[in-house]
Amino acid sequence: MAEENKEETNATGDVKPEISDLKSEASATASGNGTADGKRAHRSQKVGVITSDKMQKTVVVRVDRLVRHTKYRRYVRRTSKFMAHDELGATVGDKVRIVETRPMSARKRWRVIEIVQKAAK
């Protein structure tokens, strides 16, 4: 039983690709970094201050933002805390830049990429 390589054509005369060709193209793009070009999507970055470094290779980063109050039209400070993976050895009080990354644990989805300003001793 030898398979013959017959190419099917549609009504316009174009050659239809075989299903195995489509699967190999799909797996090639799936193994890439998101898009067919191989370019990664823009990752969110935030700057904050480290509030805790008691874990191994994990720090808690406090990120402050100003939000305008809907009724009083004044700016109110909102705070968010993120757990971030730290390979750089940052300590409490350091101002750091974190970037969004793959989930590393149940609560850790950020990574420290640079220490913007060291804490004053």
# chains A, B, ... in the order shown; residues from 1 in each chain; ligands from 1

$ residues_around --residues "A:Ala119" --least-positions-apart "6" --cutoff "12 Å" --atoms "only C-alpha atoms" --output "VMD selection string"
chain A and resid 49 to 51 90 to 96

$ residues_around --residues "stretch 60-75 of chain A" --least-positions-apart "2" --cutoff "10 Å" --atoms "only C-alpha atoms" --output "JSON, numbers by chain"
{"A": [46, 47, 48, 49, 50, 51, 52, 53, 54, 55, 58, 77, 78, 79, 80, 81, 82, 83, 84, 85, 86, 92, 93, 94, 95, 96, 97, 98, 108, 110, 112]}

$ select_by_dssp --residues "stretch 28-94 of chain A" --states "strand (DSSP E)" --output "ChimeraX atom specification"
/A:45-55,58-68,75-85

$ atom_distance --atom1 "atom CA of A:Gly89" --atom2 "atom CA of A:Gln56"
9.7 Å

$ closest_residue --among "A:Ala106, A:Ile113, A:Leu88, A:Ala41" --to "A:Lys57" --atoms "only C-alpha atoms"
A:Leu88

$ atom_distance --atom1 "atom CA of A:Arg102" --atom2 "atom CA of A:Glu114"
17.8 Å
